[in-house]
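Below is structure22.tsv, holding TSV, C-alpha atoms.
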chain	number	residue	atom	x	y	z
A	1	MET	CA	91.09	111.33	85.41
A	2	PRO	CA	91.73	107.76	84.19
A	3	ASP	CA	88.84	105.40	83.64
A	4	LEU	CA	87.95	103.33	86.65
A	5	PRO	CA	88.55	99.61	86.25
A	6	HIS	CA	85.63	97.24	86.29
A	7	GLN	CA	84.76	95.39	89.46
A	8	PRO	CA	87.30	92.55	89.86
A	9	ALA	CA	86.01	89.37	88.36
A	10	ALA	CA	87.23	86.96	91.01
A	11	GLY	CA	86.08	87.07	94.59
A	12	VAL	CA	84.56	90.54	94.84
A	13	SER	CA	80.89	89.77	94.45
A	14	ARG	CA	78.38	91.39	96.76
A	15	ARG	CA	78.13	88.09	98.59
A	16	THR	CA	81.89	88.13	99.20
A	17	VAL	CA	81.79	91.69	100.48
A	18	ALA	CA	78.86	90.87	102.74
A	19	ARG	CA	80.74	87.94	104.23
A	20	ALA	CA	83.85	90.07	104.66
A	21	THR	CA	81.94	92.77	106.48
A	22	ALA	CA	80.55	90.56	109.23
A	23	ALA	CA	81.33	92.47	112.39
A	24	ALA	CA	83.24	89.84	114.32
A	25	GLY	CA	85.31	88.81	111.35
A	26	LEU	CA	86.24	92.34	110.43
A	27	ALA	CA	87.27	93.13	113.97
A	28	ALA	CA	89.75	90.30	113.72
A	29	LEU	CA	90.84	91.42	110.26
A	30	PHE	CA	91.62	94.94	111.38
A	31	GLY	CA	93.68	93.57	114.22
A	32	ALA	CA	95.57	91.29	111.85
A	33	ALA	CA	96.14	94.07	109.36
A	34	ALA	CA	97.50	96.45	111.98
A	35	GLY	CA	99.42	93.66	113.65
A	36	THR	CA	101.72	95.88	115.69
A	37	ASP	CA	102.60	96.67	119.26
A	38	PRO	CA	103.34	100.39	118.95
A	39	ALA	CA	106.35	101.67	120.85
A	40	ARG	CA	105.49	104.87	122.65
A	41	ALA	CA	108.00	107.58	123.44
A	42	ALA	CA	107.95	111.07	124.89
A	43	GLY	CA	110.04	114.17	124.34
A	44	ARG	CA	112.81	114.54	121.80
A	45	LEU	CA	113.56	111.36	119.87
A	46	GLY	CA	116.30	112.67	117.60
A	47	PRO	CA	117.74	115.81	116.05
A	48	ARG	CA	114.53	116.47	114.10
A	49	THR	CA	111.89	114.26	115.71
A	50	LEU	CA	109.97	114.93	118.91
A	51	ASP	CA	106.72	114.07	120.61
A	52	VAL	CA	104.53	116.90	121.86
A	53	SER	CA	101.63	116.63	124.28
A	54	VAL	CA	98.87	118.99	123.16
A	55	PRO	CA	96.28	120.19	125.70
A	56	SER	CA	92.95	119.74	123.94
A	57	ALA	CA	89.58	121.19	124.86
A	58	ALA	CA	88.06	119.11	122.05
A	59	LEU	CA	89.24	115.88	123.66
A	60	GLY	CA	89.00	116.94	127.28
A	61	ARG	CA	92.61	115.85	127.84
A	62	SER	CA	96.08	116.19	126.39
A	63	ALA	CA	96.95	114.08	123.35
A	64	PRO	CA	100.25	113.33	121.61
A	65	VAL	CA	101.53	114.53	118.26
A	66	ARG	CA	104.80	113.36	116.74
A	67	LEU	CA	106.66	116.03	114.80
A	68	ILE	CA	109.50	115.90	112.31
A	69	LEU	CA	111.03	119.33	111.94
A	70	PRO	CA	112.88	120.68	108.88
A	71	SER	CA	116.63	120.14	108.77
A	72	ASP	CA	117.26	123.89	108.96
A	73	PHE	CA	114.64	124.63	111.61
A	74	GLY	CA	117.20	125.66	114.23
A	75	THR	CA	119.22	127.89	111.92
A	76	ARG	CA	116.40	129.79	110.18
A	77	PRO	CA	114.42	131.40	113.03
A	78	GLU	CA	112.64	133.75	110.63
A	79	LYS	CA	111.35	131.04	108.30
A	80	LYS	CA	107.86	129.53	108.24
A	81	TYR	CA	107.16	126.04	106.94
A	82	PRO	CA	104.27	124.16	105.31
A	83	VAL	CA	102.94	121.12	107.16
A	84	LEU	CA	102.27	117.59	105.98
A	85	TYR	CA	99.82	115.81	108.28
A	86	LEU	CA	100.07	112.00	108.30
A	87	LEU	CA	97.19	110.10	109.90
A	88	HIS	CA	97.37	106.59	111.31
A	89	GLY	CA	94.99	103.69	110.86
A	90	ALA	CA	92.74	101.65	113.12
A	91	HIS	CA	94.12	100.18	116.34
A	92	ASP	CA	97.42	101.96	115.88
A	93	ASP	CA	98.70	105.33	117.04
A	94	TYR	CA	100.67	108.45	116.21
A	95	THR	CA	103.97	106.53	116.12
A	96	SER	CA	102.99	104.37	113.15
A	97	TRP	CA	104.44	106.45	110.32
A	98	THR	CA	107.90	106.65	111.88
A	99	ARG	CA	107.73	103.02	112.93
A	100	GLU	CA	106.61	101.61	109.58
A	101	THR	CA	108.20	103.99	107.04
A	102	ASP	CA	111.35	105.99	106.42
A	103	ILE	CA	109.48	109.29	106.60
A	104	GLU	CA	112.26	110.90	108.67
A	105	ALA	CA	114.94	110.17	106.08
A	106	PHE	CA	112.55	110.87	103.20
A	107	THR	CA	111.85	114.41	104.39
A	108	ALA	CA	115.44	115.28	105.31
A	109	GLY	CA	116.49	118.40	103.43
A	110	ARG	CA	112.92	119.29	102.50
A	111	ASP	CA	111.55	122.48	103.98
A	112	LEU	CA	108.43	121.18	105.68
A	113	ILE	CA	107.10	120.06	109.04
A	114	VAL	CA	105.59	116.58	109.31
A	115	ALA	CA	102.88	116.27	111.97
A	116	MET	CA	101.45	112.91	113.06
A	117	PRO	CA	98.56	113.51	115.48
A	118	ASP	CA	96.92	110.77	117.49
A	119	ALA	CA	93.35	109.75	116.66
A	120	GLY	CA	92.56	107.52	119.61
A	121	PRO	CA	92.54	103.72	119.71
A	122	THR	CA	90.08	103.31	116.82
A	123	GLY	CA	92.01	105.69	114.56
A	124	ILE	CA	88.75	107.31	113.40
A	125	PRO	CA	89.50	111.06	113.56
A	126	SER	CA	85.95	112.32	113.76
A	127	VAL	CA	83.47	114.00	116.09
A	128	TRP	CA	82.22	111.21	118.31
A	129	ARG	CA	78.63	111.25	119.51
A	130	GLY	CA	78.79	112.83	122.96
A	131	GLY	CA	82.49	112.04	123.14
A	132	PRO	CA	85.89	113.22	121.93
A	133	ASP	CA	86.20	115.51	118.92
A	134	TYR	CA	89.29	114.29	117.06
A	135	GLU	CA	88.35	116.35	114.01
A	136	THR	CA	88.72	119.63	115.89
A	137	PHE	CA	91.88	118.35	117.55
A	138	GLN	CA	93.52	117.56	114.21
A	139	VAL	CA	92.11	120.35	112.05
A	140	LYS	CA	92.09	123.26	114.52
A	141	GLU	CA	94.04	122.66	117.73
A	142	VAL	CA	97.19	121.01	116.36
A	143	PRO	CA	97.59	123.59	113.55
A	144	ALA	CA	97.17	126.39	116.09
A	145	LEU	CA	99.97	124.93	118.23
A	146	LEU	CA	102.23	124.48	115.21
A	147	ALA	CA	101.65	128.06	114.07
A	148	ARG	CA	102.32	129.39	117.55
A	149	ASP	CA	105.32	127.31	118.60
A	150	TYR	CA	106.85	125.82	115.44
A	151	ARG	CA	106.50	128.56	112.80
A	152	ALA	CA	104.04	126.62	110.67
A	153	SER	CA	102.64	128.49	107.72
A	154	GLY	CA	99.03	128.19	106.61
A	155	VAL	CA	99.91	125.73	103.82
A	156	ARG	CA	98.89	122.18	104.68
A	157	ALA	CA	98.43	118.77	103.09
A	158	VAL	CA	97.02	115.64	104.70
A	159	ALA	CA	97.42	111.94	103.96
A	160	GLY	CA	96.43	108.78	105.77
A	161	VAL	CA	96.11	105.02	105.71
A	162	SER	CA	92.89	103.06	106.35
A	163	THR	CA	90.82	105.08	108.87
A	164	GLY	CA	93.47	107.78	108.48
A	165	GLY	CA	92.65	107.81	104.76
A	166	TYR	CA	89.05	108.40	105.82
A	167	GLY	CA	90.25	111.25	108.01
A	168	ALA	CA	92.30	112.84	105.24
A	169	MET	CA	89.35	113.03	102.86
A	170	ALA	CA	86.77	113.83	105.54
A	171	HIS	CA	88.86	116.67	106.96
A	172	ALA	CA	89.50	118.16	103.54
A	173	ALA	CA	85.84	117.80	102.48
A	174	ARG	CA	84.36	119.16	105.71
A	175	HIS	CA	86.83	122.06	105.87
A	176	PRO	CA	87.16	123.32	102.29
A	177	GLY	CA	90.40	125.17	101.71
A	178	ALA	CA	92.06	123.97	104.92
A	179	PHE	CA	94.30	121.58	102.98
A	180	ALA	CA	95.97	122.15	99.63
A	181	ALA	CA	96.11	118.39	99.01
A	182	ALA	CA	94.67	115.19	100.47
A	183	ALA	CA	95.71	111.58	99.88
A	184	SER	CA	94.05	108.35	100.94
A	185	TYR	CA	95.67	104.92	100.90
A	186	SER	CA	93.02	102.19	101.35
A	187	GLY	CA	90.77	104.68	103.12
A	188	ILE	CA	87.11	104.27	104.07
A	189	LEU	CA	85.68	106.81	101.65
A	190	ASP	CA	81.96	106.02	101.56
A	191	THR	CA	80.84	105.27	105.09
A	192	THR	CA	77.24	104.48	104.11
A	193	ALA	CA	78.05	102.07	101.27
A	194	PRO	CA	76.65	98.53	101.71
A	195	GLY	CA	78.65	96.68	104.34
A	196	VAL	CA	80.74	99.68	105.41
A	197	PRO	CA	78.71	100.57	108.54
A	198	ALA	CA	79.47	97.03	109.76
A	199	ILE	CA	83.17	97.71	109.21
A	200	MET	CA	82.97	100.92	111.21
A	201	ASP	CA	81.03	99.15	113.97
A	202	ALA	CA	83.67	96.39	114.07
A	203	ILE	CA	86.48	98.92	114.48
A	204	VAL	CA	84.65	100.58	117.37
A	205	ALA	CA	83.67	97.28	118.97
A	206	ARG	CA	87.25	96.00	118.92
A	207	GLU	CA	88.09	98.78	121.41
A	208	ASN	CA	85.18	97.70	123.64
A	209	LEU	CA	83.16	100.80	122.80
A	210	PRO	CA	79.43	100.85	121.96
A	211	ALA	CA	78.94	100.97	118.19
A	212	ALA	CA	76.53	103.92	118.49
A	213	SER	CA	79.17	105.98	120.30
A	214	LEU	CA	80.64	107.06	116.95
A	215	TRP	CA	77.79	108.56	114.91
A	216	GLY	CA	74.79	106.73	116.32
A	217	ASN	CA	72.76	104.13	114.50
A	218	PRO	CA	73.49	104.12	110.74
A	219	LEU	CA	69.74	104.02	109.94
A	220	LEU	CA	68.19	106.10	112.71
A	221	ASN	CA	71.01	108.65	112.51
A	222	LEU	CA	71.54	108.51	108.75
A	223	LEU	CA	71.88	112.29	108.40
A	224	THR	CA	74.77	112.27	110.87
A	225	TRP	CA	76.44	109.40	109.03
A	226	ARG	CA	76.06	111.32	105.77
A	227	ASP	CA	77.43	114.48	107.32
A	228	PHE	CA	80.69	112.70	108.14
A	229	ASN	CA	80.82	110.75	104.87
A	230	PRO	CA	83.59	111.88	102.46
A	231	ARG	CA	81.53	110.80	99.44
A	232	ALA	CA	78.49	112.79	100.57
A	233	ARG	CA	80.65	115.84	101.27
A	234	ALA	CA	82.71	115.53	98.06
A	235	THR	CA	81.78	119.00	96.82
A	236	GLY	CA	83.99	120.37	99.58
A	237	LEU	CA	87.00	118.78	97.86
A	238	ARG	CA	86.80	121.02	94.83
A	239	GLY	CA	90.07	122.90	94.52
A	240	THR	CA	92.02	120.38	96.64
A	241	ALA	CA	94.63	118.22	94.91
A	242	LEU	CA	93.54	114.61	95.49
A	243	TYR	CA	95.16	111.19	95.40
A	244	VAL	CA	93.13	108.01	96.00
A	245	SER	CA	94.55	104.49	95.95
A	246	GLN	CA	92.90	101.15	96.68
A	247	GLY	CA	93.63	97.52	95.92
A	248	SER	CA	91.07	94.91	94.93
A	249	GLY	CA	92.53	92.48	97.45
A	250	VAL	CA	92.08	89.65	94.94
A	251	GLY	CA	94.89	87.44	93.75
A	252	GLY	CA	97.40	88.18	96.49
A	253	VAL	CA	99.68	85.63	98.09
A	254	GLY	CA	100.43	84.82	101.71
A	255	ASP	CA	98.13	85.81	104.56
A	256	PRO	CA	94.65	86.26	103.03
A	257	LEU	CA	93.23	88.50	105.77
A	258	PRO	CA	94.66	91.86	104.60
A	259	GLY	CA	93.46	91.04	101.10
A	260	ILE	CA	89.95	90.24	102.30
A	261	LEU	CA	89.74	93.56	104.11
A	262	GLU	CA	91.10	95.43	101.11
A	263	SER	CA	88.49	93.70	98.96
A	264	ALA	CA	85.72	94.76	101.34
A	265	LEU	CA	86.70	98.42	100.97
A	266	TRP	CA	87.08	98.34	97.17
A	267	PRO	CA	83.44	99.28	96.36
A	268	SER	CA	83.57	102.20	98.79
A	269	ALA	CA	86.64	103.70	97.11
A	270	GLN	CA	85.21	103.08	93.64
A	271	GLY	CA	81.96	104.84	94.54
A	272	PHE	CA	83.86	107.79	95.98
A	273	ALA	CA	85.97	108.14	92.83
A	274	ARG	CA	82.90	107.94	90.58
A	275	THR	CA	81.22	110.69	92.56
A	276	LEU	CA	84.29	112.91	92.14
A	277	ALA	CA	84.26	112.23	88.40
A	278	LEU	CA	80.53	112.99	88.06
A	279	MET	CA	81.00	116.25	89.95
A	280	GLY	CA	83.99	117.23	87.84
A	281	VAL	CA	86.35	117.23	90.82
A	282	PRO	CA	89.82	116.25	89.54
A	283	ALA	CA	91.60	113.40	91.31
A	284	THR	CA	94.52	111.12	90.64
A	285	THR	CA	93.43	107.55	91.28
A	286	HIS	CA	95.31	104.28	91.45
A	287	PHE	CA	93.07	101.24	91.62
A	288	TYR	CA	95.15	98.10	91.37
A	289	GLY	CA	94.56	94.36	91.35
A	290	GLY	CA	95.48	92.38	94.44
A	291	GLY	CA	97.13	94.19	97.27
A	292	GLY	CA	96.42	94.06	100.96
A	293	HIS	CA	95.40	96.33	103.78
A	294	ASP	CA	98.94	96.77	105.06
A	295	TRP	CA	102.03	98.93	105.03
A	296	ALA	CA	103.70	96.85	102.33
A	297	HIS	CA	101.22	98.43	99.89
A	298	TRP	CA	100.74	101.81	101.57
A	299	LYS	CA	104.42	102.76	101.50
A	300	PRO	CA	104.75	102.69	97.69
A	301	GLU	CA	101.41	104.49	97.39
A	302	PHE	CA	102.73	107.31	99.55
A	303	THR	CA	105.76	107.54	97.28
A	304	ALA	CA	103.50	107.62	94.21
A	305	SER	CA	101.42	110.41	95.74
A	306	TRP	CA	104.39	112.47	96.85
A	307	PRO	CA	104.65	114.67	93.73
A	308	ILE	CA	101.04	115.79	94.28
A	309	LEU	CA	101.62	116.49	97.97
A	310	ALA	CA	104.95	118.22	97.29
A	311	ARG	CA	103.51	120.55	94.65
A	312	ALA	CA	100.67	121.51	96.98
A	313	LEU	CA	103.12	122.19	99.81
A	314	GLY	CA	105.55	124.05	97.56
A	315	VAL	CA	108.52	121.82	98.39
A	316	PRO	CA	110.87	119.86	96.10
A	317	GLU	CA	109.61	116.54	94.78
Output the file's structure as structure tokens, nothing else.
Amino acid sequence: MPDLPHQPAAGVSRRTVARATAAAGLAALFGAAAGTDPARAAGRLGPRTLDVSVPSAALGRSAPVRLILPSDFGTRPEKKYPVLYLLHGAHDDYTSWTRETDIEAFTAGRDLIVAMPDAGPTGIPSVWRGGPDYETFQVKEVPALLARDYRASGVRAVAGVSTGGYGAMAHAARHPGAFAAAASYSGILDTTAPGVPAIMDAIVARENLPAASLWGNPLLNLLTWRDFNPRARATGLRGTALYVSQGSGVGGVGDPLPGILESALWPSAQGFARTLALMGVPATTHFYGGGGHDWAHWKPEFTASWPILARALGVPE
């Protein structure tokens, strides 16, 4: 594992992070970073792409999943396929990966299923306090449907952006062995790091939900927060191929808001990577200067992580 770079010299002091993690400001930042009006569709969208409504006991309702099937799915009825799960970020939805990337063209000719499950308006795929259980939906219910109706094998990898990056690492850590690989692009990887509970609260508040409806109060319910914290559950990642990327958010050009948010999450990702290193859990990391919390930086990071995901899935790079 490569050495971790030092904390960026310009603009990433604790004071800067504290300012960046003010709840109201971060709510606005997440909205600016997402910055999309997702187009929703139902049914078959193309020869390989379709939307499926999955009845979910964990959510108490049906929820959508977008699927990209293998090119030979219709001509190989005996074949089973590995699954790549792609998780969306905050204030977005299950359409984001096909809307923002060329994932359909990228996976053409590769023998895998791509599954993009919804995680609700906040994009935090976790077990909510007295509410929906997006973790069970994504880790148990969707795979069961894919195995039953779409010939999915038991080989899986998961990757996500922002809160989806949180989900990728949290799912893999809390369910050891469920995923052969996990990748996070600007994910929230230490939920109890200084300033990060305020970020989580801001994401929840932006959807007009009580902050405590996620995991409760971060102090009074600290054990719950730790239980859902990828860094605290890092031992569960042993044996999973890992890719972690994060920008410092410093030195970028143009709109400063995605860079400020990326900067606020830098210490969380660094702490997560250091914990992996101390525990002897191998991981490929890419910590880079500048960057922003946006698809312009996440798309090349997915490409960089693809060899790790492909090897874990057993498909061509």
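Minimum distance to A:Ile103 across A:Ala58, A:Phe287, A:Phe302, A:Gln246 (counting only C-alpha atoms) occurs at A:Phe302.
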Length of the atom CA of A:Tyr166 to atom CA of A:Ala234 vector [Å]:
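Going from atom CA of A:Tyr166 over to atom CA of A:Ala234, I get 12.3 Å.
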Need to verify the contact set: A:Leu84, 10 Å, only C-alpha atoms, exclusion of same-chain residues closer than 4 positions in sequence. Can you return it as a PyMOL selection string?
chain A and resi 67-68+112-116+155-159+179+181-182+309-310+312-313
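Atom CA of A:Thr285 is found 20.8 Å from atom CA of A:Ile260.
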One decimal, Å: what's the distance from atom CA of A:Arg66 over to atom CA of A:Leu265, could you say?
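Those two atoms sit 28.3 Å apart.
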Give the answer as one residue: which of A:Ala296, A:Val250, A:Ala283, A:Ala90 has the shortest atom-to-atom distance to A:Arg206, using all atoms listed in the file?
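Between A:Ala296, A:Val250, A:Ala283, A:Ala90, the residue approaching A:Arg206 most closely is A:Ala90.
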Please identify all polymer residues lying at most 9 Å from the point (96.7, 109.9, 89.0) (file coordinates), using all atoms listed in the file, and present the result as number ranges by chain.
A: 1-2, 242-244, 283-286, 304-305
Using only C-alpha atoms, which of A:Val52, A:Leu237, A:Leu45, A:Leu87 sits nearest A:Gly177?
A:Leu237
Nearest-residue call for A:Gly314, choices A:Ala105, A:Ala173, A:Ala152, A:Ala180, using all atoms listed in the file:
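When distances to A:Gly314 are compared using all atoms listed in the file, the smallest one comes from A:Ala180.
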